[in-house]
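Q: So I've got this file, target-v6.txt, and it contains compact mmCIF, C-alpha atoms:
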```txt
# COMPACT_ATOMS: atom_id res chain seq x y z
CA MET A 1 108.76 81.45 95.94
CA ILE A 2 106.19 79.41 97.82
CA GLY A 3 106.60 77.87 101.23
CA LYS A 4 108.97 78.29 104.12
CA SER A 5 112.01 76.92 102.35
CA ALA A 6 111.39 78.44 98.94
CA ARG A 7 112.36 82.06 99.48
CA PRO A 8 112.92 84.26 102.54
CA ARG A 9 111.51 87.72 102.45
CA ILE A 10 114.17 90.23 101.47
CA SER A 11 115.16 92.87 103.99
CA ASN A 12 117.95 95.44 103.65
CA SER A 13 118.08 96.00 107.39
CA PRO A 14 120.55 94.02 109.56
CA SER A 15 118.20 94.23 112.53
CA PRO A 16 114.56 93.98 111.40
CA SER A 17 113.19 94.43 114.93
CA VAL A 18 113.73 98.22 114.90
CA PRO A 19 111.94 98.81 111.55
CA GLN A 20 109.20 96.43 112.62
CA ARG A 21 108.59 98.26 115.89
CA SER A 22 108.60 101.60 114.08
CA LEU A 23 106.14 100.42 111.45
CA ILE A 24 103.85 98.96 114.12
CA ALA A 25 104.01 102.22 116.10
CA ALA A 26 103.27 104.33 113.02
CA SER A 27 100.35 102.12 112.02
CA PHE A 28 99.00 102.13 115.57
CA VAL A 29 99.06 105.92 115.80
CA SER A 30 97.33 106.39 112.45
CA ARG A 31 94.63 103.87 113.36
CA VAL A 32 93.92 105.62 116.66
CA GLY A 33 93.19 108.66 114.53
CA ASN A 34 90.98 106.60 112.22
CA GLY A 35 89.01 105.38 115.21
CA LEU A 36 88.54 108.94 116.42
CA PHE A 37 87.28 110.19 113.08
CA ASN A 38 85.29 107.26 111.65
CA THR A 39 83.09 107.02 114.72
CA ALA A 40 81.91 110.62 114.46
CA ALA A 41 82.40 111.50 110.77
CA VAL A 42 78.79 111.16 109.65
CA LEU A 43 77.56 113.06 112.72
CA TYR A 44 79.96 115.92 111.95
CA PHE A 45 78.93 116.19 108.31
CA THR A 46 75.21 116.06 109.06
CA LEU A 47 74.84 117.85 112.40
CA VAL A 48 77.66 120.40 112.21
CA VAL A 49 78.14 121.05 108.48
CA HIS A 50 74.38 120.48 107.94
CA LEU A 51 74.69 118.34 104.83
CA PRO A 52 71.72 116.02 104.18
CA ALA A 53 72.49 112.44 105.21
CA ALA A 54 71.58 111.10 101.76
CA ARG A 55 73.99 113.49 100.07
CA VAL A 56 76.74 112.55 102.52
CA GLY A 57 76.19 108.92 101.54
CA VAL A 58 76.40 109.77 97.84
CA GLY A 59 79.56 111.79 98.36
CA LEU A 60 81.25 109.01 100.31
CA THR A 61 80.22 106.47 97.66
CA VAL A 62 81.70 108.62 94.88
CA ALA A 63 84.88 109.10 96.89
CA GLY A 64 85.17 105.39 97.60
CA LEU A 65 84.73 104.34 93.98
CA VAL A 66 87.17 106.92 92.60
CA GLY A 67 89.65 106.07 95.34
CA LEU A 68 89.93 102.51 94.04
CA LEU A 69 91.68 103.85 90.93
CA ALA A 70 94.83 104.69 92.88
CA GLY A 71 95.64 101.15 94.02
CA ILE A 72 97.72 99.66 91.21
CA PRO A 73 99.37 102.92 89.98
CA ALA A 74 100.47 103.75 93.53
CA GLY A 75 101.73 100.20 93.97
CA ASN A 76 103.79 100.56 90.79
CA LEU A 77 105.29 103.78 92.12
CA ALA A 78 106.19 101.99 95.35
CA ASP A 79 107.88 99.19 93.41
CA ARG A 80 109.76 101.68 91.24
CA TYR A 81 110.83 104.33 93.76
CA GLY A 82 110.61 102.52 97.09
CA PRO A 83 107.55 101.93 99.31
CA ARG A 84 108.48 104.32 102.12
CA THR A 85 108.56 107.35 99.84
CA VAL A 86 105.08 106.66 98.48
CA TRP A 87 103.68 105.79 101.91
CA LEU A 88 105.01 109.01 103.46
CA THR A 89 103.56 111.03 100.58
CA ALA A 90 100.17 109.37 101.08
CA LEU A 91 100.24 110.06 104.83
CA ALA A 92 101.07 113.72 104.21
CA MET A 93 98.20 113.98 101.76
CA GLN A 94 95.80 112.36 104.23
CA ALA A 95 96.88 114.77 106.95
CA ALA A 96 96.14 117.69 104.63
CA THR A 97 92.78 116.41 103.38
CA MET A 98 91.65 115.52 106.88
CA ALA A 99 92.46 118.99 108.17
CA ALA A 100 90.61 120.47 105.19
CA PHE A 101 87.36 118.86 106.38
CA VAL A 102 87.24 121.51 109.10
CA PHE A 103 86.67 124.20 106.46
CA ILE A 104 84.01 122.60 104.25
CA HIS A 105 80.58 124.26 103.88
CA ASP A 106 78.99 122.64 100.83
CA TRP A 107 78.50 119.21 99.29
CA LEU A 108 80.76 119.69 96.26
CA THR A 109 83.75 120.67 98.40
CA PHE A 110 83.02 117.80 100.77
CA THR A 111 82.94 115.30 97.90
CA LEU A 112 86.14 116.66 96.36
CA ILE A 113 88.08 116.49 99.65
CA ALA A 114 86.65 113.07 100.48
CA THR A 115 87.73 111.80 97.05
CA LEU A 116 91.28 113.12 97.50
CA ASP A 117 91.33 111.50 100.94
CA ARG A 118 90.27 108.11 99.55
CA LEU A 119 92.82 108.32 96.73
CA ALA A 120 95.53 108.95 99.33
CA ALA A 121 94.23 106.15 101.56
CA THR A 122 94.23 103.64 98.70
CA ALA A 123 97.72 104.70 97.64
CA GLY A 124 98.88 104.43 101.24
CA GLY A 125 97.42 100.94 101.50
CA ALA A 126 99.33 99.73 98.43
CA ALA A 127 102.63 101.29 99.49
CA GLY A 128 102.10 100.30 103.12
CA GLY A 129 101.53 96.69 102.07
CA ALA A 130 104.80 96.70 100.15
CA LEU A 131 106.52 98.22 103.18
CA VAL A 132 105.11 95.46 105.41
CA ALA A 133 106.50 92.87 102.99
CA ARG A 134 109.97 94.46 103.02
CA THR A 135 109.98 94.80 106.82
CA GLY A 136 108.77 91.27 107.57
CA GLY A 137 112.16 89.76 108.41
CA GLU A 138 112.61 86.01 108.90
CA ARG A 139 109.10 85.47 110.33
CA PRO A 140 106.81 87.66 108.25
CA ALA A 141 103.60 85.93 109.39
CA ALA A 142 104.37 86.62 113.05
CA PHE A 143 105.16 90.25 112.24
CA ARG A 144 101.95 90.73 110.26
CA ALA A 145 99.95 89.18 113.10
CA ARG A 146 101.49 91.58 115.64
CA LEU A 147 100.89 94.49 113.30
CA ARG A 148 97.22 93.60 112.87
CA THR A 149 96.83 93.21 116.65
CA PHE A 150 98.10 96.73 117.30
CA VAL A 151 96.08 98.13 114.41
CA ASN A 152 92.92 96.67 115.95
CA LEU A 153 93.84 98.07 119.35
CA GLY A 154 94.44 101.48 117.82
CA VAL A 155 90.97 101.55 116.28
CA VAL A 156 89.40 100.48 119.59
CA LEU A 157 91.20 103.20 121.54
CA GLY A 158 90.26 105.81 118.98
CA THR A 159 86.62 104.72 119.09
CA LEU A 160 86.58 105.03 122.88
CA GLY A 161 88.07 108.51 122.65
CA ALA A 162 85.50 109.52 120.06
CA ALA A 163 82.71 108.52 122.42
CA VAL A 164 83.70 111.42 124.70
CA ALA A 165 83.44 113.95 121.87
CA VAL A 166 80.16 112.50 120.61
CA SER A 167 78.65 112.78 124.08
CA ALA A 168 79.69 116.47 124.19
CA ASP A 169 78.04 116.97 120.76
CA THR A 170 79.60 120.37 120.03
CA ARG A 171 81.32 121.75 116.95
CA ALA A 172 84.53 122.21 118.94
CA ALA A 173 84.51 118.55 120.01
CA TYR A 174 84.00 117.26 116.46
CA THR A 175 86.64 119.64 115.13
CA ALA A 176 89.09 118.35 117.71
CA LEU A 177 88.48 114.79 116.49
CA ILE A 178 89.16 115.75 112.89
CA LEU A 179 92.34 117.64 113.72
CA ALA A 180 93.50 114.79 115.97
CA ASN A 181 93.11 112.39 113.06
CA ALA A 182 95.08 114.75 110.81
CA ALA A 183 97.78 114.92 113.47
CA SER A 184 97.86 111.12 113.71
CA PHE A 185 98.80 110.85 110.03
CA ALA A 186 101.54 113.42 110.48
CA CYS A 187 102.90 111.63 113.58
CA ALA A 188 102.79 108.27 111.80
CA GLY A 189 104.82 109.77 108.97
CA LEU A 190 107.44 111.15 111.36
CA ILE A 191 107.77 107.78 113.11
CA ALA A 192 108.23 106.00 109.80
CA LEU A 193 110.67 108.62 108.52
CA VAL A 194 112.91 108.11 111.56
CA GLY A 195 112.57 104.38 112.19
CA VAL A 196 111.74 102.64 108.89
CA PRO A 197 114.53 102.24 106.32
CA ASN A 198 114.15 103.71 102.85
CA TYR A 199 114.16 100.34 101.10
CA GLN A 200 115.45 100.56 97.56
CA PRO A 201 113.50 99.06 94.64
CA LEU A 202 114.25 95.42 93.87
CA PRO A 203 115.45 94.28 90.42
CA ARG A 204 112.58 93.47 88.09
CA PRO A 205 112.58 90.78 85.39
CA LYS A 206 112.33 91.87 81.76
CA GLU A 207 108.82 90.48 81.40
CA HIS A 208 107.49 92.64 84.25
CA HIS A 209 104.99 95.33 83.28
CA ARG A 210 102.80 97.83 85.09
CA TRP A 211 99.66 95.69 84.91
CA ALA A 212 101.28 92.28 85.42
CA VAL A 213 99.09 91.50 88.41
CA LEU A 214 95.97 91.56 86.24
CA SER A 215 97.33 88.70 84.13
CA ASP A 216 98.03 86.63 87.25
CA ARG A 217 94.75 84.72 87.19
CA PRO A 218 95.27 82.79 90.43
CA TYR A 219 96.00 86.00 92.31
CA VAL A 220 93.05 87.82 90.75
CA SER A 221 90.85 84.87 91.76
CA PHE A 222 92.16 85.04 95.31
CA VAL A 223 91.49 88.79 95.48
CA ALA A 224 87.89 88.22 94.35
CA LEU A 225 87.57 85.49 96.98
CA TYR A 226 88.99 87.73 99.70
CA GLY A 227 86.79 90.67 98.72
CA ALA A 228 83.67 88.51 98.92
CA MET A 229 84.73 86.98 102.24
CA GLY A 230 85.21 90.53 103.51
CA LEU A 231 81.45 90.80 103.91
CA GLN A 232 81.98 89.05 107.23
CA TYR A 233 83.39 92.25 108.77
CA GLN A 234 80.16 94.15 108.29
CA THR A 235 78.14 91.14 109.39
CA VAL A 236 79.18 92.07 112.95
CA SER A 237 79.51 95.84 112.60
CA LEU A 238 76.35 96.50 110.54
CA LEU A 239 74.06 93.52 110.05
CA LEU A 240 73.94 92.10 113.57
CA PRO A 241 73.25 95.46 115.30
CA ILE A 242 70.33 96.09 112.91
CA TRP A 243 69.02 92.57 113.53
CA LEU A 244 69.28 92.92 117.30
CA SER A 245 67.51 96.27 117.25
CA ALA A 246 64.72 95.38 114.82
CA HIS A 247 64.06 91.68 115.42
CA THR A 248 64.86 91.03 119.08
CA ASP A 249 64.00 92.46 122.48
CA ALA A 250 67.63 92.30 123.61
CA PRO A 251 68.78 95.26 125.72
CA ARG A 252 70.43 98.03 123.71
CA TRP A 253 73.71 97.50 125.55
CA THR A 254 73.96 94.18 123.69
CA VAL A 255 75.19 96.04 120.60
CA ALA A 256 78.05 97.60 122.58
CA ALA A 257 78.86 94.20 124.09
CA VAL A 258 79.04 92.71 120.59
CA TYR A 259 81.59 95.32 119.48
CA ALA A 260 83.67 94.84 122.63
CA VAL A 261 83.72 91.04 122.35
CA ASN A 262 84.62 91.15 118.67
CA SER A 263 87.53 93.51 119.30
CA GLY A 264 88.70 91.59 122.35
CA VAL A 265 88.71 88.15 120.73
CA CYS A 266 90.55 89.44 117.66
CA ALA A 267 93.15 91.27 119.75
CA LEU A 268 93.76 88.24 121.98
CA LEU A 269 94.03 85.60 119.25
CA GLN A 270 95.46 87.38 116.22
CA SER A 271 99.12 86.89 117.10
CA ARG A 272 98.66 83.36 118.38
CA ILE A 273 96.85 82.13 115.28
CA GLY A 274 98.25 84.47 112.64
CA SER A 275 101.88 83.65 113.40
CA ARG A 276 101.18 80.00 112.50
CA VAL A 277 99.71 80.78 109.07
CA GLU A 278 102.85 81.42 107.06
CA THR A 279 102.60 79.80 103.62
CA PRO A 280 99.94 80.22 100.92
CA ARG A 281 98.95 76.58 101.39
CA GLN A 282 98.35 77.21 105.09
CA GLY A 283 96.48 80.36 104.09
CA GLY A 284 94.10 78.34 101.95
CA ARG A 285 93.41 76.00 104.84
CA ALA A 286 92.85 78.97 107.15
CA PHE A 287 90.20 80.22 104.74
CA ARG A 288 88.43 76.86 104.92
CA ILE A 289 88.43 76.94 108.73
CA ALA A 290 87.08 80.50 108.68
CA GLY A 291 84.25 79.55 106.34
CA LEU A 292 83.17 76.71 108.61
CA LEU A 293 83.19 78.98 111.66
CA PHE A 294 81.04 81.54 109.82
CA LEU A 295 78.68 78.73 108.86
CA VAL A 296 78.13 78.20 112.59
CA SER A 297 78.04 81.86 113.68
CA CYS A 298 75.50 83.17 111.16
CA PRO A 299 72.63 80.84 112.17
CA LEU A 300 73.44 81.53 115.84
CA MET A 301 73.00 85.25 115.15
CA ALA A 302 69.64 84.56 113.51
CA LEU A 303 68.48 82.54 116.52
CA THR A 304 68.75 85.60 118.78
CA ALA A 305 65.29 86.52 117.47
CA ASP A 306 63.78 83.21 118.72
CA VAL A 307 64.95 83.04 122.32
CA PRO A 308 63.77 84.76 125.50
CA VAL A 309 64.98 88.29 126.06
CA TRP A 310 67.32 87.21 128.87
CA VAL A 311 68.96 84.60 126.60
CA ALA A 312 69.45 86.83 123.54
CA PRO A 313 72.47 88.80 124.83
CA GLY A 314 74.34 85.64 125.81
CA LEU A 315 73.55 83.97 122.49
CA ALA A 316 74.68 87.09 120.60
CA VAL A 317 77.97 87.11 122.49
CA LEU A 318 78.48 83.39 121.79
CA ALA A 319 77.78 83.92 118.09
CA VAL A 320 80.22 86.83 117.94
CA CYS A 321 82.92 84.80 119.73
CA VAL A 322 82.63 82.10 117.06
CA HIS A 323 82.50 84.70 114.30
CA SER A 324 85.51 86.59 115.67
CA LEU A 325 87.54 83.38 115.75
CA GLY A 326 86.62 82.93 112.09
CA GLU A 327 87.68 86.53 111.44
CA VAL A 328 91.14 85.84 112.86
CA TRP A 329 91.54 82.75 110.66
CA GLU A 330 90.21 84.64 107.62
CA SER A 331 92.54 87.62 108.04
CA SER A 332 95.52 85.36 108.71
CA GLY A 333 94.80 83.33 105.60
CA GLY A 334 94.28 86.48 103.56
CA TYR A 335 97.65 87.89 104.60
CA ALA A 336 99.45 84.61 103.92
CA LEU A 337 98.03 84.45 100.40
CA GLY A 338 98.06 88.18 99.68
CA PHE A 339 101.74 88.57 100.54
CA GLY A 340 103.01 85.05 99.86
CA LEU A 341 101.75 84.88 96.27
CA ALA A 342 103.16 88.27 95.31
CA PRO A 343 106.69 88.45 93.82
CA ASP A 344 109.09 90.55 95.90
CA HIS A 345 109.79 93.02 93.10
CA ALA A 346 106.06 93.75 92.61
CA GLN A 347 104.66 93.74 96.15
CA GLY A 348 103.31 97.26 95.73
CA GLN A 349 101.40 96.44 92.57
CA TYR A 350 100.00 93.24 94.07
CA GLN A 351 99.05 94.91 97.36
CA GLY A 352 97.32 97.61 95.32
CA LEU A 353 95.01 95.02 93.74
CA PHE A 354 94.63 93.29 97.12
CA GLY A 355 93.36 96.54 98.64
CA ILE A 356 91.05 97.25 95.70
CA GLY A 357 89.39 93.85 96.11
CA PHE A 358 88.83 94.35 99.81
CA ASP A 359 87.54 97.93 99.47
CA ALA A 360 85.16 96.94 96.66
CA GLY A 361 83.73 94.19 98.85
CA GLN A 362 83.25 96.61 101.72
CA ALA A 363 81.49 99.08 99.42
CA LEU A 364 79.01 96.43 98.31
CA ALA A 365 78.51 94.89 101.74
CA PRO A 366 75.81 97.25 103.08
CA VAL A 367 73.58 96.73 100.04
CA VAL A 368 74.07 92.97 99.94
CA LEU A 369 73.63 92.40 103.66
CA THR A 370 70.68 94.68 104.27
CA THR A 371 68.68 93.67 101.19
CA ALA A 372 69.47 89.98 100.73
CA VAL A 373 69.96 88.85 104.33
CA LEU A 374 67.50 91.09 106.18
CA GLY A 375 64.99 90.71 103.37
CA LEU A 376 64.99 86.91 103.73
CA GLY A 377 65.17 86.86 107.51
CA HIS A 378 66.31 83.55 109.01
CA ALA A 379 66.79 82.00 105.57
CA GLY A 380 69.03 84.92 104.63
CA TRP A 381 71.29 84.30 107.63
CA LEU A 382 71.56 80.61 106.74
CA LEU A 383 72.36 81.41 103.11
CA LEU A 384 74.99 83.89 104.28
CA GLY A 385 76.67 81.18 106.36
CA VAL A 386 76.59 78.77 103.42
CA PHE A 387 78.03 81.49 101.19
CA PHE A 388 80.95 82.01 103.56
CA ALA A 389 81.52 78.26 103.86
CA ALA A 390 81.62 77.93 100.06
CA LEU A 391 84.15 80.76 99.80
CA GLY A 392 86.25 79.10 102.49
CA ALA A 393 86.13 75.76 100.69
CA ALA A 394 87.53 77.49 97.59
CA GLY A 395 90.59 78.65 99.54
CA PRO A 396 92.72 75.47 99.34
CA PRO A 397 92.12 74.89 95.58
CA VAL A 398 92.95 78.51 94.75
CA ALA A 399 96.12 78.33 96.86
CA ALA A 400 97.15 75.05 95.19
CA TRP A 401 96.47 76.52 91.74
CA ALA A 402 98.60 79.56 92.55
CA GLU A 403 101.45 77.40 93.82
CA ARG A 404 101.42 75.29 90.64
CA THR A 405 101.61 78.34 88.38
CA ARG A 406 104.48 79.77 90.36
CA HIS A 407 106.46 76.54 90.37
CA SER A 408 105.79 76.25 86.63
CA SER A 409 107.12 79.74 85.92
CA GLN A 410 110.17 79.11 88.11
CA ASP A 411 110.89 75.82 86.35
CA THR A 412 110.61 77.51 82.95
CA ALA A 413 113.12 80.13 84.02
CA ARG A 414 115.49 77.49 85.35
CA ALA A 415 115.23 75.47 82.13
CA ALA A 416 116.12 78.55 80.10
CA GLN A 417 119.24 78.87 82.24
CA GLY A 418 120.10 75.19 81.89
CA ARG A 419 119.34 74.45 85.56
CA PRO A 420 117.20 71.58 86.90
CA ALA A 421 113.64 72.21 88.08
CA GLU A 422 112.97 72.26 91.80
CA ALA A 423 111.12 69.37 93.37
CA PRO A 424 107.56 70.18 94.51
CA LEU A 425 106.98 71.03 98.12
CA PRO A 426 105.75 68.22 100.41
CA GLU A 427 102.16 68.35 101.65
CA SER A 428 103.27 69.34 105.14
CA ALA A 429 104.90 72.58 103.96
```
Give the structure from this file in structure tokens form.

A:
Amino acid sequence: MIGKSARPRISNSPSPSVPQRSLIAASFVSRVGNGLFNTAAVLYFTLVVHLPAARVGVGLTVAGLVGLLAGIPAGNLADRYGPRTVWLTALAMQAATMAAFVFIHDWLTFTLIATLDRLAATAGGAAGGALVARTGGERPAAFRARLRTFVNLGVVLGTLGAAVAVSADTRAAYTALILANAASFACAGLIALVGVPNYQPLPRPKEHHRWAVLSDRPYVSFVALYGAMGLQYQTVSLLLPIWLSAHTDAPRWTVAAVYAVNSGVCALLQSRIGSRVETPRQGGRAFRIAGLLFLVSCPLMALTADVPVWVAPGLAVLAVCVHSLGEVWESSGGYALGFGLAPDHAQGQYQGLFGIGFDAGQALAPVVLTTAVLGLGHAGWLLLGVFFAALGAAGPPVAAWAERTRHSSQDTARAAQGRPAEAPLPESA
């Protein structure tokens, strides 16, 4: 199952380009809505609904932790009944929960709706991942890279649109953002219903069970690795803005420039780099490259506090350019391993665990970055870079370990059928 020549991704559609375009369009529309809402969500809950900021944080934390529980069960449903059905159900649920935010007046209702929303989002991530795997066609890496490019663009466009509503700072403006996000989920579902095939479940081996992914130690190890490496996303979105504001005299527009550069570099390079990272072995190497780039970018970010004010913005932009290049390599490697190591019949279950690992890392990131890194100052930035480099260095061994276990299981199955074992893949695969 590993490598270019081992197994093509299975697709029931004679012309994968139409389902691919539809899935990209649906994902793009839903992410525009996410960009609209995420930018202004906290402001709406605190300034319009008048919930205390601390209680909003607690409610979102509860929702995020409970939401993780849906990953593997939803993935199993996608594997059993087809990924499109589960994904459309999740989108419908997200449209409903998002619209319900308009009517909340107290913390308990807010937490309940937010929890239902996160359960639906986690379920949608698992089923959506399985749908991406089934829609990948002959060049799944290139398709995933295009998909990620448009997803990033959707978030950027939504964020820009939200800026208009935030500047208006009225209840009507915030309500419009929430309802627009609800509408984006509904529109995404309609696009997928029309343009994405209802892929039927694939045959499962007798030894398959609902929690099989948890016994796949190489995959679990990769998920832990990917979740920890995911701290790099909030290094740019959370840690660097705080550092620039509290420890440098850089102009405030530097923070906006950082966001713009990060989005631009990722959008420009994702398809070019991601389409070349196809196999798990290449994914492991991509992780190593990403770790080395983060090892360079983190100290550069720290140095913005030690240069003249007119140099700090340029140095911050340079650091973010290097970091964004690492982000592209990291995401490309993560997709190659996350999809390439998962058996076709259990993509939903495996993508469910993949999403849980990433979301757990994102939930821990604010605490880790603000306490450990900011608390240690320059030394914290250096340790963060070393941490990323160490995670990246673990990528190739984990990928090789996973490949060996999969070849071993395939050879065992062939021996039971009286067939010869396959020769190992060459190093260049």

Q: Excluding Thr122 of chain A and any residue of its chain fewer than 4 positions from it, enumerate the residues within 8 Å of it, using all atoms listed in the file, and give them as a ChimeraX atom specification.

A: /A:67-68,70-71,118,126,352,355-356

Q: Name all residues at most 9 Å from Cys321 of chain A (count all atoms listed in the file; drop same-chain ones fewer than 2 positions away) and give them as a ChimeraX atom specification.

A: /A:258,261-262,265,297,316-319,323-326

Q: May I have a table of the residues of segment 252-300 of chain A lying at most 10 Å from segment 155-164 of chain A, giving each one's closest pair of atoms and their distance in Å to one decimal, counting all atoms listed in the file, ordered by chain and ascending residue number, as CSV?

A:
```
residue,atom,partner,partner_atom,distance
A:Tyr259,CA,A:Val156,CA,9.4
A:Ala260,CA,A:Val156,CA,8.6
A:Ser263,CA,A:Val156,CA,7.2
A:Gly264,CA,A:Val156,CA,9.3
A:Ala267,CA,A:Val156,CA,9.9
```

Q: Show me, as a Markdown table, the residues of segment 18-102 of chain A having an atom within 12 Å of segment 359-375 of chain A, each with the closest atom pair and its distance in Å, using all atoms listed in the file.

A:
```
| residue | atom | partner | partner_atom | distance |
| --- | --- | --- | --- | --- |
| A:Gly57 | CA | A:Ala363 | CA | 11.4 |
| A:Val58 | CA | A:Ala363 | CA | 11.9 |
| A:Leu60 | CA | A:Ala363 | CA | 10.0 |
| A:Thr61 | CA | A:Ala363 | CA | 7.7 |
| A:Val62 | CA | A:Ala363 | CA | 10.6 |
| A:Ala63 | CA | A:Ala363 | CA | 10.9 |
| A:Gly64 | CA | A:Ala363 | CA | 7.5 |
| A:Leu65 | CA | A:Ala360 | CA | 7.9 |
| A:Val66 | CA | A:Ala360 | CA | 11.0 |
| A:Gly67 | CA | A:Asp359 | CA | 9.4 |
| A:Leu68 | CA | A:Asp359 | CA | 7.5 |
| A:Leu69 | CA | A:Ala360 | CA | 11.1 |
| A:Ala70 | CA | A:Asp359 | CA | 11.9 |
| A:Gly71 | CA | A:Asp359 | CA | 10.3 |
```

Q: Hey, can you check how far atom CA of Gly154 of chain A sits from atom CA of Ile72 of chain A?

A: 26.9 Å

Q: Where does segment 10-67 of chain A meet segment 89-106 of chain A within 9 Å, residue by residue, with the nearest atom pair and distance in Å to one decimal for each, counting only C-alpha atoms, listed by chain and rising number, as CSV?

A:
```
residue,atom,partner,partner_atom,distance
A:Ser30,CA,A:Leu91,CA,8.9
A:Val49,CA,A:His105,CA,6.1
A:His50,CA,A:His105,CA,8.3
A:Leu51,CA,A:Asp106,CA,7.3
```

Q: Between atom CA of Leu300 of chain A and atom CA of Pro251 of chain A, what is the spacing in Å?

A: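 The value is 17.5 Å.
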
Q: Measure the distance from atom CA of Gly59 of chain A to atom CA of Gly348 of chain A in Å and round it to one decimal.

A: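 Rounded to one decimal, the two atoms are 28.0 Å apart.
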
Q: My list of candidates is A:Gly283, A:Gly314, A:Gly380, A:Pro73. Which is closest to Val398 of chain A when distances are computed with all atoms listed in the file?

A: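 For Val398 of chain A, the nearest of the candidates is A:Gly283.
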
Q: Go through A:Leu202, A:Val322, A:Leu391, A:Ala141 and flag the residue nearest Ser221 of chain A, using only C-alpha atoms for the distances.

A: A:Leu391

Q: Between A:Arg55, A:Ala130, A:Asn76, A:Leu147, which one has atoms that come closest to Gln20 of chain A, using all atoms listed in the file?

A: A:Leu147

Q: Go through A:Ala286, A:Val236, A:Leu268, A:Ala402 one by one, measure the shortest atom-to-atom distance of each to Arg146 of chain A using all atoms listed in the file, and give the residue with the smallest value.

A: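 Among the listed residues, the smallest separation from Arg146 of chain A belongs to A:Leu268.
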
Q: Near Val220 of chain A, within 9 Å and counting only C-alpha atoms, which residues show up once chain neighbours fewer than 4 positions away are dropped, as a PyMOL selection string?

A: chain A and resi 213-216+224-225+353-354+357

Q: Under the rule that all atoms listed in the file are counted, which of A:Thr109, A:Gln200, A:Thr46, A:Gln282 is the nearest residue to Tyr335 of chain A?

A: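 Of the candidates, the smallest distance to Tyr335 of chain A is held by A:Gln282.
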
Q: Produce the centre coordinates and the three edge lengths, each in Å to one decimal, of the box along x, y and z that contains all listed atoms of segment 67-83 of chain A with 5 Å added on each side, as JSON.

A:
```
{"center_x": 100.2, "center_y": 102.6, "center_z": 94.6, "size_x": 31.2, "size_y": 16.9, "size_z": 19.3}
```

Q: Name the closest residue to Gly227 of chain A among the candidates A:Gly338, A:Ala180, A:Pro197, A:Ser167; distances are taken between atoms, counting all atoms listed in the file.

A: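 For Gly227 of chain A, the nearest of the candidates is A:Gly338.
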
Q: Could you give me, as a compact mmCIF listing (two decimals) with C-alpha atoms, in the frame of the given file, the residues within 10 Å of Ser237 of chain A, counting only C-alpha atoms and dropping anything in the same chain fewer than 2 positions from it?

A:
```txt
# COMPACT_ATOMS: atom_id res chain seq x y z
CA GLN A 232 81.98 89.05 107.23
CA TYR A 233 83.39 92.25 108.77
CA GLN A 234 80.16 94.15 108.29
CA THR A 235 78.14 91.14 109.39
CA LEU A 239 74.06 93.52 110.05
CA LEU A 240 73.94 92.10 113.57
CA PRO A 241 73.25 95.46 115.30
CA ILE A 242 70.33 96.09 112.91
CA VAL A 255 75.19 96.04 120.60
CA VAL A 258 79.04 92.71 120.59
CA TYR A 259 81.59 95.32 119.48
CA ASN A 262 84.62 91.15 118.67
```
